[in-house]
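Just protein.pdb here, PDB, C-alpha atoms:
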ATOM      1  CA  MET M 898     138.585 158.044  49.083  1.00  0.00           C
ATOM      2  CA  ARG M 899     136.773 155.415  46.973  1.00  0.00           C
ATOM      3  CA  LEU M 900     139.687 155.290  44.589  1.00  0.00           C
ATOM      4  CA  LEU M 901     142.137 154.745  47.448  1.00  0.00           C
ATOM      5  CA  SER M 902     140.039 151.950  48.973  1.00  0.00           C
ATOM      6  CA  ARG M 903     139.741 150.294  45.551  1.00  0.00           C
ATOM      7  CA  ILE M 904     143.501 150.476  45.041  1.00  0.00           C
ATOM      8  CA  LEU M 905     144.258 149.062  48.515  1.00  0.00           C
ATOM      9  CA  ARG M 906     141.611 146.349  48.343  1.00  0.00           C
ATOM     10  CA  PRO M 907     143.135 142.838  48.299  1.00  0.00           C
ATOM     11  CA  ARG M 908     143.085 141.284  44.854  1.00  0.00           C
ATOM     12  CA  LEU M 909     143.451 137.727  46.066  1.00  0.00           C
ATOM     13  CA  GLU M 910     141.532 136.062  48.865  1.00  0.00           C
ATOM     14  CA  ALA M 911     142.975 132.936  50.473  1.00  0.00           C
ATOM     15  CA  THR M 912     141.179 130.413  52.638  1.00  0.00           C
ATOM     16  CA  ALA M 913     142.366 127.464  54.695  1.00  0.00           C
ATOM     17  CA  HIS M 914     140.669 124.439  56.211  1.00  0.00           C
ATOM     18  CA  CYS M 915     142.123 125.083  59.680  1.00  0.00           C
ATOM     19  CA  ASP M 916     143.180 127.993  61.842  1.00  0.00           C
ATOM     20  CA  LEU M 917     146.717 126.628  62.284  1.00  0.00           C
ATOM     21  CA  PRO M 918     149.213 125.452  59.710  1.00  0.00           C
ATOM     22  CA  CYS M 919     148.770 121.723  59.221  1.00  0.00           C
ATOM     23  CA  GLY M 920     150.786 119.470  61.455  1.00  0.00           C
ATOM     24  CA  VAL M 921     151.268 121.796  64.425  1.00  0.00           C
ATOM     25  CA  TYR M 922     148.465 120.462  66.594  1.00  0.00           C
ATOM     26  CA  ASP M 923     149.686 119.082  69.908  1.00  0.00           C
ATOM     27  CA  PRO M 924     148.055 118.598  73.325  1.00  0.00           C
ATOM     28  CA  ALA M 925     151.359 119.758  74.843  1.00  0.00           C
ATOM     29  CA  GLN M 926     150.141 123.340  74.570  1.00  0.00           C
ATOM     30  CA  ALA M 927     147.184 122.586  76.843  1.00  0.00           C
ATOM     31  CA  ARG M 928     149.349 120.476  79.166  1.00  0.00           C
ATOM     32  CA  ILE M 929     151.925 123.240  79.665  1.00  0.00           C
ATOM     33  CA  GLU M 930     149.199 125.733  80.590  1.00  0.00           C
ATOM     34  CA  ALA M 931     147.569 123.159  82.906  1.00  0.00           C
ATOM     35  CA  GLU M 932     150.922 122.561  84.598  1.00  0.00           C
ATOM     36  CA  SER M 933     151.103 126.322  85.201  1.00  0.00           C
ATOM     37  CA  VAL M 934     147.608 126.265  86.693  1.00  0.00           C
ATOM     38  CA  LYS M 935     148.526 123.510  89.129  1.00  0.00           C
ATOM     39  CA  ALA M 936     151.823 125.203  90.072  1.00  0.00           C
ATOM     40  CA  ILE M 937     149.987 128.460  90.751  1.00  0.00           C
ATOM     41  CA  GLN M 938     147.453 126.617  92.906  1.00  0.00           C
ATOM     42  CA  GLU M 939     150.324 125.126  94.915  1.00  0.00           C
ATOM     43  CA  LYS M 940     152.026 128.515  95.311  1.00  0.00           C
ATOM     44  CA  TYR M 941     148.715 130.059  96.336  1.00  0.00           C
ATOM     45  CA  GLN M 942     148.330 127.460  99.088  1.00  0.00           C
ATOM     46  CA  GLY M 943     151.818 128.217 100.395  1.00  0.00           C
ATOM     47  CA  ASN M 944     151.521 131.995 100.555  1.00  0.00           C
ATOM     48  CA  GLU M 945     149.319 134.090 102.838  1.00  0.00           C
ATOM     49  CA  ASP M 946     150.089 137.493 101.271  1.00  0.00           C
ATOM     50  CA  PRO M 947     146.753 138.910  99.990  1.00  0.00           C
ATOM     51  CA  GLU M 948     148.371 140.753  97.052  1.00  0.00           C
ATOM     52  CA  PHE M 949     150.262 137.645  95.974  1.00  0.00           C
ATOM     53  CA  ARG M 950     147.091 135.578  96.200  1.00  0.00           C
ATOM     54  CA  LYS M 951     145.104 138.127  94.194  1.00  0.00           C
ATOM     55  CA  ARG M 952     147.711 138.107  91.415  1.00  0.00           C
ATOM     56  CA  ALA M 953     147.963 134.304  91.515  1.00  0.00           C
ATOM     57  CA  ILE M 954     144.210 133.949  91.036  1.00  0.00           C
ATOM     58  CA  HIS M 955     144.282 136.351  88.096  1.00  0.00           C
ATOM     59  CA  ILE M 956     147.111 134.465  86.358  1.00  0.00           C
ATOM     60  CA  LYS M 957     145.543 131.059  87.131  1.00  0.00           C
ATOM     61  CA  GLU M 958     142.286 132.169  85.519  1.00  0.00           C
ATOM     62  CA  GLU M 959     144.129 133.364  82.405  1.00  0.00           C
ATOM     63  CA  ARG M 960     146.008 130.070  82.143  1.00  0.00           C
ATOM     64  CA  SER M 961     142.784 128.089  82.635  1.00  0.00           C
ATOM     65  CA  ASP M 962     141.258 129.988  79.706  1.00  0.00           C
ATOM     66  CA  LEU M 963     144.311 129.139  77.592  1.00  0.00           C
ATOM     67  CA  VAL M 964     143.905 125.446  78.456  1.00  0.00           C
ATOM     68  CA  LYS M 965     140.308 125.611  77.250  1.00  0.00           C
ATOM     69  CA  HIS M 966     141.362 127.377  74.067  1.00  0.00           C
ATOM     70  CA  HIS M 967     144.021 124.796  73.197  1.00  0.00           C
ATOM     71  CA  LEU M 968     141.650 121.924  73.964  1.00  0.00           C
ATOM     72  CA  TRP M 969     138.886 123.457  71.833  1.00  0.00           C
ATOM     73  CA  VAL M 970     141.260 123.849  68.887  1.00  0.00           C
ATOM     74  CA  LEU M 971     142.157 120.158  69.111  1.00  0.00           C
ATOM     75  CA  TRP M 972     138.540 119.105  69.614  1.00  0.00           C
ATOM     76  CA  THR M 973     137.076 121.164  66.809  1.00  0.00           C
ATOM     77  CA  ASP M 974     139.915 121.402  64.288  1.00  0.00           C
ATOM     78  CA  TYR M 975     142.181 118.381  64.636  1.00  0.00           C
ATOM     79  CA  PHE M 976     139.863 115.517  65.559  1.00  0.00           C
ATOM     80  CA  LYS M 977     137.546 114.399  62.750  1.00  0.00           C
ATOM     81  CA  PRO M 978     134.526 112.023  62.608  1.00  0.00           C
ATOM     82  CA  PRO M 979     136.667 108.904  62.050  1.00  0.00           C
ATOM     83  CA  HIS M 980     138.539 109.677  65.290  1.00  0.00           C
ATOM     84  CA  PHE M 981     135.281 110.036  67.209  1.00  0.00           C
ATOM     85  CA  GLU M 982     134.067 106.745  65.753  1.00  0.00           C
ATOM     86  CA  LYS M 983     137.230 104.918  66.794  1.00  0.00           C
ATOM     87  CA  TYR M 984     137.345 106.644  70.211  1.00  0.00           C
ATOM     88  CA  PRO M 985     133.713 107.127  71.265  1.00  0.00           C
ATOM     89  CA  GLU M 986     134.816 108.470  74.671  1.00  0.00           C
ATOM     90  CA  LEU M 987     136.588 111.426  73.036  1.00  0.00           C
ATOM     91  CA  HIS M 988     133.654 113.884  73.077  1.00  0.00           C
ATOM     92  CA  GLU M 989     132.965 113.230  76.754  1.00  0.00           C
ATOM     93  CA  LEU M 990     136.663 113.432  77.567  1.00  0.00           C
ATOM     94  CA  PHE M 991     137.000 116.846  75.928  1.00  0.00           C
ATOM     95  CA  ASN M 992     133.797 117.999  77.606  1.00  0.00           C
ATOM     96  CA  LYS M 993     135.088 116.970  81.032  1.00  0.00           C
ATOM     97  CA  ALA M 994     138.514 118.499  80.407  1.00  0.00           C
ATOM     98  CA  THR M 995     137.177 121.867  79.261  1.00  0.00           C
ATOM     99  CA  LYS M 996     134.737 121.969  82.177  1.00  0.00           C
ATOM    100  CA  LYS M 997     137.603 121.106  84.548  1.00  0.00           C
ATOM    101  CA  ALA M 998     139.487 124.118  83.148  1.00  0.00           C
ATOM    102  CA  GLY M 999     136.395 126.281  83.557  1.00  0.00           C
ATOM    103  CA  GLY M1000     134.881 128.416  86.258  1.00  0.00           C
ATOM    104  CA  GLY M1001     132.113 126.083  87.358  1.00  0.00           C
ATOM    105  CA  PRO M1002     132.155 123.940  90.475  1.00  0.00           C
ATOM    106  CA  GLY M1003     135.351 121.888  90.561  1.00  0.00           C
ATOM    107  CA  GLY M1004     136.952 123.821  87.714  1.00  0.00           C
ATOM    108  CA  THR M1005     140.495 125.132  87.931  1.00  0.00           C
ATOM    109  CA  LYS M1006     139.372 128.650  87.148  1.00  0.00           C
ATOM    110  CA  ALA M1007     137.229 128.623  90.295  1.00  0.00           C
ATOM    111  CA  SER M1008     139.463 126.527  92.534  1.00  0.00           C
ATOM    112  CA  THR M1009     142.758 127.071  94.323  1.00  0.00           C
ATOM    113  CA  ASP M1010     143.016 123.367  95.189  1.00  0.00           C
ATOM    114  CA  PRO M1011     145.943 121.714  93.353  1.00  0.00           C
ATOM    115  CA  ALA M1012     143.892 118.504  93.180  1.00  0.00           C
ATOM    116  CA  THR M1013     141.708 120.151  90.515  1.00  0.00           C
ATOM    117  CA  GLY M1014     144.833 121.051  88.573  1.00  0.00           C
ATOM    118  CA  GLN M1015     145.950 117.427  88.729  1.00  0.00           C
ATOM    119  CA  GLU M1016     142.533 116.215  87.546  1.00  0.00           C
ATOM    120  CA  LEU M1017     142.840 118.553  84.567  1.00  0.00           C
ATOM    121  CA  LEU M1018     146.309 117.192  83.804  1.00  0.00           C
ATOM    122  CA  ASP M1019     144.920 113.647  84.002  1.00  0.00           C
ATOM    123  CA  TYR M1020     142.238 114.446  81.407  1.00  0.00           C
ATOM    124  CA  ILE M1021     144.828 116.046  79.135  1.00  0.00           C
ATOM    125  CA  ALA M1022     147.039 112.948  79.472  1.00  0.00           C
ATOM    126  CA  GLN M1023     144.148 110.783  78.230  1.00  0.00           C
ATOM    127  CA  ILE M1024     143.558 113.138  75.289  1.00  0.00           C
ATOM    128  CA  ASP M1025     147.296 113.149  74.582  1.00  0.00           C
ATOM    129  CA  LYS M1026     147.383 109.338  74.423  1.00  0.00           C
ATOM    130  CA  ILE M1027     144.535 109.242  71.888  1.00  0.00           C
ATOM    131  CA  PHE M1028     146.027 112.135  69.927  1.00  0.00           C
ATOM    132  CA  TRP M1029     149.342 110.335  69.426  1.00  0.00           C
ATOM    133  CA  GLU M1030     147.570 107.109  68.492  1.00  0.00           C
ATOM    134  CA  THR M1031     145.744 109.014  65.737  1.00  0.00           C
ATOM    135  CA  LYS M1032     148.989 110.661  64.584  1.00  0.00           C
ATOM    136  CA  GLN M1033     150.660 107.219  64.347  1.00  0.00           C
ATOM    137  CA  ALA M1034     147.782 105.958  62.220  1.00  0.00           C
ATOM    138  CA  ALA M1035     147.935 108.926  59.840  1.00  0.00           C
TER     139      ALA M1035
END

As structure tokens, how would this structure be written, given the file I've shared?
Amino acid sequence: MRLLSRILRPRLEATAHCDLPCGVYDPAQARIEAESVKAIQEKYQGNEDPEFRKRAIHIKEERSDLVKHHLWVLWTDYFKPPHFEKYPELHELFNKATKKAGGGPGGTKASTDPATGQELLDYIAQIDKIFWETKQAA
């Protein structure tokens, strides 16, 4: 068994500075999921069927988690100290956006009100604007 594990052990270990191949960062991933969240909230409001509503809530919560994931990747992997120096509002903006996608009061994960979905989209639009300004400067 030891011989087999030694033979199958990788001989080369590779590391990277990010979890995604360089150049593929884009707030569009978060925006698309946030658009789904808002659309689900709207469909939820227009349908009284309890089974439909239960499924809608489940999917909305999954999509809200995906929004948070995509925002966190941008926040922690794409944006660097020089960006935060040039855009001092960026940390607070990401904090507000991820909380808006969360399960706390006013978050899309906890709310079926499409207004919360729109607020999340508004935060993502602000992040998107800054993101593309930083890409232009690069």

Residues selected by the PyMOL selection byres ((chain M and resi 1005) around 10), written as a VMD selection string: chain M and resid 931 934 to 935 938 957 to 958 960 to 962 995 to 1004 1006 to 1017

Atom CA of M:Leu990 to atom CA of M:Ile956, straight-line distance in Å: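 Value for the atom CA of M:Ile956-atom CA of M:Leu990 distance: 25.1 Å.
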
As an exercise, work out the distance from atom CA of M:Asp1025 to atom CA of M:Tyr975 in Å and give it to one decimal place.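 Taking atom CA of M:Asp1025 as the start and atom CA of M:Tyr975 as the end point, the length is 12.3 Å.
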
Expressed in Å to a single decimal, how great is the separation between atom CA of M:Ile929 and atom CA of M:Val964?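 Atom CA of M:Val964 lies 8.4 Å from atom CA of M:Ile929.
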
For stretch 992-1012 of chain M, supply N, CA, C and O atoms and format the output as a PDB file, in the coordinates of the input.
ATOM      1  N   ASN M 992     134.782 117.259  76.823  1.00  0.00           N
ATOM      2  CA  ASN M 992     133.797 117.999  77.606  1.00  0.00           C
ATOM      3  C   ASN M 992     134.227 118.092  79.062  1.00  0.00           C
ATOM      4  O   ASN M 992     134.198 119.173  79.667  1.00  0.00           O
ATOM      5  N   LYS M 993     134.647 116.983  79.632  1.00  0.00           N
ATOM      6  CA  LYS M 993     135.088 116.970  81.032  1.00  0.00           C
ATOM      7  C   LYS M 993     136.341 117.825  81.217  1.00  0.00           C
ATOM      8  O   LYS M 993     136.462 118.554  82.208  1.00  0.00           O
ATOM      9  N   ALA M 994     137.268 117.736  80.291  1.00  0.00           N
ATOM     10  CA  ALA M 994     138.514 118.499  80.407  1.00  0.00           C
ATOM     11  C   ALA M 994     138.258 119.999  80.328  1.00  0.00           C
ATOM     12  O   ALA M 994     138.803 120.770  81.133  1.00  0.00           O
ATOM     13  N   THR M 995     137.436 120.434  79.379  1.00  0.00           N
ATOM     14  CA  THR M 995     137.177 121.867  79.261  1.00  0.00           C
ATOM     15  C   THR M 995     136.367 122.382  80.450  1.00  0.00           C
ATOM     16  O   THR M 995     136.591 123.500  80.906  1.00  0.00           O
ATOM     17  N   LYS M 996     135.465 121.573  80.968  1.00  0.00           N
ATOM     18  CA  LYS M 996     134.737 121.969  82.177  1.00  0.00           C
ATOM     19  C   LYS M 996     135.681 122.026  83.375  1.00  0.00           C
ATOM     20  O   LYS M 996     135.556 122.905  84.230  1.00  0.00           O
ATOM     21  N   LYS M 997     136.632 121.107  83.450  1.00  0.00           N
ATOM     22  CA  LYS M 997     137.603 121.106  84.548  1.00  0.00           C
ATOM     23  C   LYS M 997     138.468 122.364  84.489  1.00  0.00           C
ATOM     24  O   LYS M 997     138.897 122.879  85.516  1.00  0.00           O
ATOM     25  N   ALA M 998     138.713 122.882  83.297  1.00  0.00           N
ATOM     26  CA  ALA M 998     139.487 124.118  83.148  1.00  0.00           C
ATOM     27  C   ALA M 998     138.611 125.359  83.325  1.00  0.00           C
ATOM     28  O   ALA M 998     139.125 126.469  83.333  1.00  0.00           O
ATOM     29  N   GLY M 999     137.319 125.161  83.495  1.00  0.00           N
ATOM     30  CA  GLY M 999     136.395 126.281  83.557  1.00  0.00           C
ATOM     31  C   GLY M 999     136.164 126.834  84.954  1.00  0.00           C
ATOM     32  O   GLY M 999     136.822 126.462  85.924  1.00  0.00           O
ATOM     33  N   GLY M1000     135.180 127.719  85.017  1.00  0.00           N
ATOM     34  CA  GLY M1000     134.881 128.416  86.258  1.00  0.00           C
ATOM     35  C   GLY M1000     133.757 127.813  87.067  1.00  0.00           C
ATOM     36  O   GLY M1000     133.412 128.337  88.123  1.00  0.00           O
ATOM     37  N   GLY M1001     133.191 126.717  86.610  1.00  0.00           N
ATOM     38  CA  GLY M1001     132.113 126.083  87.358  1.00  0.00           C
ATOM     39  C   GLY M1001     132.637 125.324  88.564  1.00  0.00           C
ATOM     40  O   GLY M1001     133.845 125.297  88.820  1.00  0.00           O
ATOM     41  N   PRO M1002     131.740 124.706  89.294  1.00  0.00           N
ATOM     42  CA  PRO M1002     132.155 123.940  90.475  1.00  0.00           C
ATOM     43  C   PRO M1002     133.194 122.875  90.106  1.00  0.00           C
ATOM     44  O   PRO M1002     133.001 122.115  89.164  1.00  0.00           O
ATOM     45  N   GLY M1003     134.304 122.868  90.820  1.00  0.00           N
ATOM     46  CA  GLY M1003     135.351 121.888  90.561  1.00  0.00           C
ATOM     47  C   GLY M1003     136.292 122.254  89.439  1.00  0.00           C
ATOM     48  O   GLY M1003     137.207 121.501  89.132  1.00  0.00           O
ATOM     49  N   GLY M1004     136.077 123.391  88.799  1.00  0.00           N
ATOM     50  CA  GLY M1004     136.952 123.821  87.714  1.00  0.00           C
ATOM     51  C   GLY M1004     138.172 124.565  88.230  1.00  0.00           C
ATOM     52  O   GLY M1004     138.124 125.195  89.292  1.00  0.00           O
ATOM     53  N   THR M1005     139.259 124.496  87.487  1.00  0.00           N
ATOM     54  CA  THR M1005     140.495 125.132  87.931  1.00  0.00           C
ATOM     55  C   THR M1005     140.386 126.654  87.969  1.00  0.00           C
ATOM     56  O   THR M1005     141.088 127.296  88.736  1.00  0.00           O
ATOM     57  N   LYS M1006     139.533 127.204  87.149  1.00  0.00           N
ATOM     58  CA  LYS M1006     139.372 128.650  87.148  1.00  0.00           C
ATOM     59  C   LYS M1006     138.749 129.115  88.462  1.00  0.00           C
ATOM     60  O   LYS M1006     139.029 130.206  88.935  1.00  0.00           O
ATOM     61  N   ALA M1007     137.932 128.264  89.060  1.00  0.00           N
ATOM     62  CA  ALA M1007     137.229 128.623  90.295  1.00  0.00           C
ATOM     63  C   ALA M1007     137.893 128.064  91.549  1.00  0.00           C
ATOM     64  O   ALA M1007     137.496 128.400  92.648  1.00  0.00           O
ATOM     65  N   SER M1008     138.900 127.227  91.389  1.00  0.00           N
ATOM     66  CA  SER M1008     139.463 126.527  92.534  1.00  0.00           C
ATOM     67  C   SER M1008     140.939 126.856  92.740  1.00  0.00           C
ATOM     68  O   SER M1008     141.685 127.017  91.775  1.00  0.00           O
ATOM     69  N   THR M1009     141.342 126.917  93.993  1.00  0.00           N
ATOM     70  CA  THR M1009     142.758 127.071  94.323  1.00  0.00           C
ATOM     71  C   THR M1009     143.339 125.758  94.838  1.00  0.00           C
ATOM     72  O   THR M1009     144.468 125.717  95.302  1.00  0.00           O
ATOM     73  N   ASP M1010     142.578 124.687  94.725  1.00  0.00           N
ATOM     74  CA  ASP M1010     143.016 123.367  95.189  1.00  0.00           C
ATOM     75  C   ASP M1010     143.839 122.695  94.095  1.00  0.00           C
ATOM     76  O   ASP M1010     143.332 122.444  92.992  1.00  0.00           O
ATOM     77  N   PRO M1011     145.110 122.371  94.363  1.00  0.00           N
ATOM     78  CA  PRO M1011     145.943 121.714  93.353  1.00  0.00           C
ATOM     79  C   PRO M1011     145.380 120.378  92.868  1.00  0.00           C
ATOM     80  O   PRO M1011     145.746 119.927  91.780  1.00  0.00           O
ATOM     81  N   ALA M1012     144.499 119.766  93.626  1.00  0.00           N
ATOM     82  CA  ALA M1012     143.892 118.504  93.180  1.00  0.00           C
ATOM     83  C   ALA M1012     143.091 118.719  91.896  1.00  0.00           C
ATOM     84  O   ALA M1012     143.073 117.842  91.023  1.00  0.00           O
TER      85      ALA M1012
END
